>>> print(open('run32.txt').read())   # compact mmCIF, C-alpha atoms and all ligand atoms
# COMPACT_ATOMS: atom_id res chain seq x y z
CA MET L 131 -31.87 -26.99 21.73
CA ASN L 132 -33.28 -27.19 18.18
CA ALA L 133 -36.83 -28.53 17.92
CA ALA L 134 -36.35 -31.97 16.43
CA GLU L 135 -38.78 -33.58 14.05
CA LEU L 136 -39.49 -37.20 13.13
CA CYS L 137 -39.35 -38.18 9.43
CA PRO L 138 -40.82 -41.70 9.04
CA SER L 139 -39.15 -43.72 6.27
CA ILE L 140 -41.62 -45.86 4.35
CA LEU L 141 -38.83 -48.29 3.40
CA SER L 142 -39.87 -50.30 6.47
CA ALA L 143 -43.60 -50.08 5.78
CA ASP L 144 -45.76 -53.08 4.94
CA PHE L 145 -46.20 -52.38 1.22
CA TRP L 146 -49.40 -54.39 1.10
CA ARG L 147 -50.89 -51.82 3.46
CA LEU L 148 -48.85 -48.80 2.40
CA GLY L 149 -51.73 -46.34 1.98
CA GLU L 150 -53.28 -47.23 5.31
CA GLN L 151 -49.92 -46.97 7.10
CA ILE L 152 -49.10 -43.57 5.56
CA ARG L 153 -52.54 -42.39 6.65
CA THR L 154 -51.73 -43.51 10.21
CA VAL L 155 -48.42 -41.62 10.12
CA GLU L 156 -50.16 -38.46 8.94
CA GLU L 157 -53.01 -38.74 11.44
CA ASN L 158 -50.45 -39.04 14.21
CA GLY L 159 -49.04 -35.64 13.46
CA CYS L 160 -46.01 -36.27 11.24
CA ARG L 161 -45.29 -33.51 8.76
CA ILE L 162 -42.50 -35.11 6.72
CA LEU L 163 -42.42 -38.48 4.94
CA HIS L 164 -39.00 -39.87 4.02
CA PHE L 165 -38.88 -41.61 0.63
CA ASP L 166 -35.79 -43.77 -0.05
CA VAL L 167 -34.90 -44.24 -3.70
CA MET L 168 -32.26 -46.92 -4.43
CA ASP L 169 -30.85 -47.74 -7.83
CA GLY L 170 -29.05 -51.07 -7.32
CA ASP L 171 -25.83 -49.34 -8.36
CA PHE L 172 -24.89 -46.60 -5.89
CA VAL L 173 -26.30 -48.95 -3.25
CA PRO L 174 -26.79 -52.71 -3.68
CA SER L 175 -30.55 -52.72 -3.30
CA ILE L 176 -33.44 -51.41 -5.40
CA SER L 177 -36.45 -49.85 -3.68
CA PHE L 178 -39.13 -47.75 -5.43
CA GLY L 179 -39.38 -44.62 -7.53
CA MET L 180 -41.48 -42.18 -9.47
CA PRO L 181 -44.85 -43.97 -9.84
CA VAL L 182 -44.98 -44.73 -6.14
CA LEU L 183 -44.16 -41.13 -5.22
CA ARG L 184 -46.81 -39.81 -7.64
CA THR L 185 -49.42 -42.09 -6.10
CA ILE L 186 -48.61 -41.09 -2.53
CA ARG L 187 -48.48 -37.39 -3.46
CA LYS L 188 -52.14 -37.50 -4.56
CA GLU L 189 -53.24 -38.84 -1.20
CA THR L 190 -51.26 -36.89 1.37
CA SER L 191 -50.26 -33.34 2.13
CA MET L 192 -47.15 -34.37 4.08
CA LEU L 193 -43.84 -33.00 2.80
CA MET L 194 -42.23 -35.62 0.57
CA ASP L 195 -38.54 -35.85 1.53
CA VAL L 196 -36.82 -37.79 -1.25
CA HIS L 197 -33.49 -39.43 -0.39
CA MET L 198 -31.77 -40.40 -3.63
CA MET L 199 -29.33 -43.28 -3.23
CA VAL L 200 -28.76 -43.12 -6.96
CA ARG L 201 -25.70 -42.58 -9.15
CA GLU L 202 -25.84 -39.27 -11.03
CA PRO L 203 -29.21 -38.29 -9.54
CA VAL L 204 -29.25 -35.14 -11.67
CA ARG L 205 -30.77 -37.37 -14.38
CA TYR L 206 -33.96 -37.77 -12.32
CA VAL L 207 -34.39 -34.46 -10.53
CA ARG L 208 -37.04 -33.10 -12.91
CA ASP L 209 -38.98 -36.39 -12.85
CA PHE L 210 -39.09 -36.50 -9.06
CA ALA L 211 -40.09 -32.85 -8.91
CA ASP L 212 -42.94 -33.55 -11.34
CA CYS L 213 -44.04 -36.52 -9.22
CA GLY L 214 -44.39 -34.32 -6.15
CA ALA L 215 -41.13 -34.23 -4.21
CA ASP L 216 -40.74 -31.28 -1.81
CA SER L 217 -37.08 -31.87 -1.10
CA ILE L 218 -34.45 -33.95 -2.83
CA THR L 219 -31.31 -35.05 -1.02
CA VAL L 220 -28.43 -36.40 -3.08
CA HIS L 221 -25.23 -38.13 -2.09
CA LEU L 222 -22.03 -36.23 -2.52
CA GLU L 223 -20.32 -39.47 -3.51
CA ALA L 224 -22.83 -40.13 -6.31
CA CYS L 225 -22.52 -36.86 -8.23
CA SER L 226 -19.80 -35.97 -10.72
CA ASP L 227 -20.92 -32.33 -10.42
CA VAL L 228 -22.40 -31.75 -6.98
CA GLU L 229 -23.06 -28.06 -7.46
CA ALA L 230 -24.89 -28.53 -10.79
CA THR L 231 -26.99 -31.29 -9.23
CA LEU L 232 -28.01 -29.11 -6.28
CA GLN L 233 -28.70 -26.23 -8.65
CA ALA L 234 -30.98 -28.47 -10.73
CA ILE L 235 -32.98 -29.24 -7.57
CA LEU L 236 -33.24 -25.54 -6.72
CA ASP L 237 -34.22 -24.71 -10.31
CA CYS L 238 -37.24 -26.99 -9.86
CA GLY L 239 -38.26 -24.91 -6.85
CA LEU L 240 -37.46 -27.65 -4.34
CA THR L 241 -35.42 -27.78 -1.16
CA ALA L 242 -31.98 -29.28 -1.77
CA GLY L 243 -30.15 -31.66 0.55
CA ILE L 244 -26.66 -33.11 0.50
CA SER L 245 -25.72 -36.41 2.11
CA VAL L 246 -22.52 -38.12 3.17
CA LYS L 247 -21.99 -41.84 3.72
CA PRO L 248 -20.41 -43.00 7.01
CA GLY L 249 -16.93 -43.19 5.46
CA THR L 250 -17.00 -39.69 3.96
CA PRO L 251 -15.72 -36.83 6.13
CA VAL L 252 -18.63 -34.46 6.73
CA GLU L 253 -16.33 -31.54 5.92
CA GLU L 254 -16.53 -32.55 2.24
CA ALA L 255 -20.13 -31.33 2.24
CA PHE L 256 -19.34 -27.92 3.75
CA PRO L 257 -18.58 -26.16 0.43
CA TYR L 258 -22.14 -26.92 -0.74
CA LEU L 259 -24.13 -26.04 2.36
CA HIS L 260 -24.99 -22.54 1.13
CA LEU L 261 -27.21 -24.28 -1.48
CA CYS L 262 -28.78 -26.74 0.96
CA ARG L 263 -31.39 -26.67 3.71
CA ILE L 264 -30.66 -30.28 4.65
CA LEU L 265 -27.36 -31.95 5.49
CA LEU L 266 -28.01 -35.68 5.79
CA VAL L 267 -25.38 -37.44 7.87
CA MET L 268 -25.89 -41.14 7.19
CA THR L 269 -25.65 -43.03 10.46
CA VAL L 270 -25.57 -46.44 8.69
CA GLU L 271 -24.26 -47.53 5.29
CA PRO L 272 -27.07 -46.55 2.93
CA GLY L 273 -28.98 -49.37 1.30
CA PHE L 274 -31.02 -51.19 3.92
CA GLY L 275 -33.28 -50.51 6.88
CA GLY L 276 -32.84 -52.10 10.28
CA GLN L 277 -29.07 -51.63 10.71
CA ASP L 278 -27.21 -50.45 13.83
CA TYR L 279 -26.26 -46.81 14.34
CA ILE L 280 -22.57 -46.21 13.61
CA GLU L 281 -21.26 -44.55 16.77
CA SER L 282 -18.59 -42.48 15.00
CA SER L 283 -21.43 -40.56 13.30
CA THR L 284 -22.02 -38.59 16.48
CA GLU L 285 -18.76 -36.72 16.14
CA LYS L 286 -19.56 -35.88 12.51
CA ILE L 287 -22.92 -34.43 13.54
CA ARG L 288 -21.19 -32.32 16.20
CA ARG L 289 -18.63 -30.96 13.74
CA ALA L 290 -21.32 -30.16 11.17
CA LYS L 291 -23.46 -28.41 13.78
CA ALA L 292 -20.50 -26.29 14.90
CA TYR L 293 -19.76 -25.28 11.31
CA ILE L 294 -23.39 -24.46 10.46
CA ASP L 295 -23.74 -22.34 13.60
CA GLU L 296 -20.43 -20.59 13.07
CA LYS L 297 -21.34 -19.66 9.48
CA GLY L 298 -24.94 -18.83 10.38
CA LEU L 299 -26.27 -21.19 7.68
CA ASP L 300 -29.95 -22.06 7.35
CA CYS L 301 -29.36 -25.81 7.12
CA LYS L 302 -30.75 -28.59 9.29
CA ILE L 303 -28.88 -31.76 10.08
CA GLN L 304 -30.76 -34.94 9.27
CA VAL L 305 -29.76 -38.37 10.53
CA ASP L 306 -30.81 -41.63 8.93
CA GLY L 307 -30.22 -45.19 10.00
CA GLY L 308 -30.42 -46.97 13.33
CA ILE L 309 -32.28 -44.13 15.01
CA HIS L 310 -34.38 -45.42 17.92
CA LYS L 311 -34.87 -44.92 21.65
CA ARG L 312 -31.19 -45.14 22.66
CA THR L 313 -29.60 -43.39 19.70
CA LEU L 314 -32.15 -40.61 19.11
CA PRO L 315 -31.03 -38.51 22.10
CA ILE L 316 -27.37 -38.97 21.13
CA ALA L 317 -28.02 -37.61 17.64
CA VAL L 318 -30.24 -34.76 18.85
CA ARG L 319 -27.79 -33.67 21.54
CA ALA L 320 -25.03 -33.64 18.91
CA GLY L 321 -27.11 -31.29 16.73
CA ALA L 322 -29.46 -33.32 14.52
CA SER L 323 -33.00 -32.02 14.12
CA LEU L 324 -34.48 -34.15 11.31
CA LEU L 325 -34.72 -37.71 12.52
CA VAL L 326 -35.41 -40.44 9.99
CA GLU L 327 -36.83 -43.65 11.42
CA GLY L 328 -37.87 -46.65 9.36
CA SER L 329 -38.13 -49.74 11.52
CA GLY L 330 -38.58 -47.60 14.65
CA VAL L 331 -41.89 -46.31 13.27
CA PHE L 332 -43.25 -49.12 11.11
CA ARG L 333 -42.35 -52.17 13.22
CA GLY L 334 -45.22 -52.87 15.60
CA ASP L 335 -47.82 -50.28 16.53
CA ILE L 336 -47.18 -47.22 14.36
CA ALA L 337 -49.31 -44.80 16.38
CA GLU L 338 -47.70 -45.89 19.64
CA ASN L 339 -44.19 -45.74 18.15
CA ILE L 340 -44.77 -42.17 16.96
CA ARG L 341 -46.24 -41.19 20.31
CA GLN L 342 -43.15 -42.46 22.11
CA VAL L 343 -40.76 -40.67 19.73
CA LYS L 344 -42.66 -37.41 20.12
CA GLU L 345 -42.59 -37.78 23.89
CA GLN L 346 -38.85 -38.38 23.80
CA ILE L 347 -38.29 -35.36 21.52
CA ALA L 348 -40.40 -33.17 23.81
CA GLY L 349 -38.31 -34.29 26.80
CA LEU L 350 -35.10 -33.38 24.97
CA GLY L 351 -36.53 -29.98 24.09
CA GLU L 352 -36.70 -29.20 27.79
CA GLU L 353 -33.02 -29.88 28.39
C1 LIG U 401 -31.23 -46.66 4.57
C2 LIG U 401 -32.32 -45.65 4.38
C3 LIG U 401 -33.10 -45.34 5.59
C4 LIG U 401 -33.80 -46.52 6.26
C5 LIG U 401 -33.60 -46.35 7.74
O1 LIG U 401 -30.34 -46.61 3.52
O2 LIG U 401 -31.80 -44.42 3.88
O3 LIG U 401 -33.98 -44.24 5.41
O4 LIG U 401 -35.18 -46.58 5.97
O5 LIG U 401 -34.10 -47.47 8.38
P1 LIG U 401 -33.93 -47.72 9.94
O6 LIG U 401 -34.55 -46.56 10.66
O7 LIG U 401 -34.65 -49.00 10.13
O8 LIG U 401 -32.46 -47.84 10.21
ZN ZN U 402 -33.08 -42.58 3.85
>>> encode(input="run32.txt", output="structure tokens")
Amino acid sequence: MNAAELCPSILSADFWRLGEQIRTVEENGCRILHFDVMDGDFVPSISFGMPVLRTIRKETSMLMDVHMMVREPVRYVRDFADCGADSITVHLEACSDVEATLQAILDCGLTAGISVKPGTPVEEAFPYLHLCRILLVMTVEPGFGGQDYIESSTEKIRRAKAYIDEKGLDCKIQVDGGIHKRTLPIAVRAGASLLVEGSGVFRGDIAENIRQVKEQIAGLGEE
């Protein structure tokens, strides 16, 4: 089975203590930090953007995994690259020219990711996977933390995994939304290897939450 990796999403952090909490995440061995950008248009809510990313970038060496829930994200690719993104994932549904958007990300020297919402067949992303190292299968409707995993996502992950393996593509499947103790093994067994967790990491004791996730991932690795 693929080695799975936890990507904590700071959307569920306590913003008053953001620096301290990111430090805790890093000290507890996480390599990737998930950064949710929402524009109040593609999704109903507004989160945070460039200045916050730039500030975090100065203080951490974790990989900054930017998830753009933004309409026509191509407009902001250069800005996010300049602020320190390592990867940028865009929604298929938000781009009028998906290929040009992914190419803009690659032209900045970053890793490109493509995402599908729960209602979008995952197959719609397949024509773009040769440009991507990340396929983000949303397991909730994008826009808010703390929602329940949508069970029909599991089948989408399975189909994507089969396609990626069949074509021999270098692309990892990321899942985002409602990932916690019960749903994590379901997603990993279906083929996901980048596991975004917001409330699962930041609610309660961060160090203990991360320890438990890592223990669970290690157990799955032995299957
Ligand atoms: C939701 C965001 C997620 C969110 C996940 O649109 O993309 O990254 O932080 O939160 P949880 O893990 O609480 O479902
Ligand atoms: Zn996200």
>>> closest_atom_pairs(input="run32.txt", of="chain L", to="ligand LIG 401 (chain U)", cutoff="8 Å", atoms="only C-alpha atoms and all ligand atoms", output="tab-separated table")
residue	atom	partner	partner_atom	distance
L:Ser139	CA	U:LIG401	O4	4.9
L:Ile140	CA	U:LIG401	O4	6.7
L:Leu141	CA	U:LIG401	O4	4.8
L:Ser142	CA	U:LIG401	O4	6.0
L:His164	CA	U:LIG401	O3	6.8
L:Phe165	CA	U:LIG401	O3	7.3
L:Asp166	CA	U:LIG401	O2	5.6
L:His197	CA	U:LIG401	O2	6.8
L:Met199	CA	U:LIG401	O1	7.6
L:Met268	CA	U:LIG401	O2	7.5
L:Val270	CA	U:LIG401	C1	7.0
L:Glu271	CA	U:LIG401	O1	6.4
L:Pro272	CA	U:LIG401	O1	3.3
L:Gly273	CA	U:LIG401	O1	3.8
L:Phe274	CA	U:LIG401	C1	4.6
L:Gly275	CA	U:LIG401	O5	3.5
L:Gly276	CA	U:LIG401	O7	3.6
L:Gln277	CA	U:LIG401	O8	5.1
L:Asp278	CA	U:LIG401	O8	6.9
L:Tyr279	CA	U:LIG401	O8	7.5
L:Asp306	CA	U:LIG401	O3	5.4
L:Gly307	CA	U:LIG401	O8	3.5
L:Gly308	CA	U:LIG401	O8	3.8
L:Ile309	CA	U:LIG401	O6	5.5
L:His310	CA	U:LIG401	O6	7.4
L:Val326	CA	U:LIG401	O3	6.1
L:Glu327	CA	U:LIG401	O6	3.8
L:Gly328	CA	U:LIG401	O6	3.6
L:Ser329	CA	U:LIG401	O7	3.8
L:Gly330	CA	U:LIG401	O6	5.8
L:Val331	CA	U:LIG401	O6	7.8
>>> closest_residue(input="run32.txt", among="L:Val246, L:Ile340, L:Met168, L:Leu325", to="Glu223 in chain L", atoms="only C-alpha atoms")
L:Val246
>>> residues_near_point(input="run32.txt", point="(-37.9, -28.5, 19.6)", cutoff="12 Å", atoms="all atoms listed in the file", output="mmCIF file with C-alpha atoms, in the frame of the given file")
data_model
loop_
_atom_site.group_PDB
_atom_site.id
_atom_site.type_symbol
_atom_site.label_atom_id
_atom_site.label_comp_id
_atom_site.auth_asym_id
_atom_site.auth_seq_id
_atom_site.Cartn_x
_atom_site.Cartn_y
_atom_site.Cartn_z
ATOM 1 C CA MET L 131 -31.870 -26.990 21.730
ATOM 2 C CA ASN L 132 -33.280 -27.190 18.180
ATOM 3 C CA ALA L 133 -36.830 -28.530 17.920
ATOM 4 C CA ALA L 134 -36.350 -31.970 16.430
ATOM 5 C CA GLU L 135 -38.780 -33.580 14.050
ATOM 6 C CA LEU L 136 -39.490 -37.200 13.130
ATOM 7 C CA VAL L 318 -30.240 -34.760 18.850
ATOM 8 C CA ARG L 319 -27.790 -33.670 21.540
ATOM 9 C CA GLY L 321 -27.110 -31.290 16.730
ATOM 10 C CA ALA L 322 -29.460 -33.320 14.520
ATOM 11 C CA SER L 323 -33.000 -32.020 14.120
ATOM 12 C CA LEU L 324 -34.480 -34.150 11.310
ATOM 13 C CA LYS L 344 -42.660 -37.410 20.120
ATOM 14 C CA GLU L 345 -42.590 -37.780 23.890
ATOM 15 C CA GLN L 346 -38.850 -38.380 23.800
ATOM 16 C CA ILE L 347 -38.290 -35.360 21.520
ATOM 17 C CA ALA L 348 -40.400 -33.170 23.810
ATOM 18 C CA GLY L 349 -38.310 -34.290 26.800
ATOM 19 C CA LEU L 350 -35.100 -33.380 24.970
ATOM 20 C CA GLY L 351 -36.530 -29.980 24.090
ATOM 21 C CA GLU L 352 -36.700 -29.200 27.790
ATOM 22 C CA GLU L 353 -33.020 -29.880 28.390
#
>>> closest_residue(input="run32.txt", among="L:Arg333, L:Arg289, L:Arg208, L:Lys247", to="ligand ZN 402 (chain U)", atoms="only C-alpha atoms and all ligand atoms")
L:Lys247
>>> closest_residue(input="run32.txt", among="L:Gln151, L:Thr284, L:Thr231, L:Ser177", to="ligand ZN 402 (chain U)", atoms="all atoms listed in the file")
L:Ser177
>>> atom_distance(input="run32.txt", atom1="CA of Cys262 in chain L", atom2="CA of Ala290 in chain L")
13.1 Å
>>> residues_around(input="run32.txt", residues="Leu259 in chain L", least_positions_apart="5", cutoff="9 Å", atoms="all atoms listed in the file", output="ChimeraX atom specification")
/L:243-244,264-265,294,299-301
>>> residues_around(input="run32.txt", residues="Arg184 in chain L", least_positions_apart="4", cutoff="7 Å", atoms="all atoms listed in the file", output="list in words")
Met180, Lys188, Cys213 and Gly214 of chain L
>>> closest_residue(input="run32.txt", among="L:Ile336, L:Leu193, L:Leu266, L:Ala224", to="ligand ZN 402 (chain U)", atoms="only C-alpha atoms and all ligand atoms")
L:Leu266
>>> closest_residue(input="run32.txt", among="L:Glu202, L:Asp144, L:Asp195, L:Glu189", to="ligand ZN 402 (chain U)", atoms="all atoms listed in the file")
L:Asp195
>>> closest_residue(input="run32.txt", among="L:Lys311, L:Arg187, L:Ala320, L:Glu150", to="Lys286 in chain L", atoms="all atoms listed in the file")
L:Ala320
>>> atom_distance(input="run32.txt", atom1="CA of Thr190 in chain L", atom2="CA of Arg153 in chain L")
7.7 Å
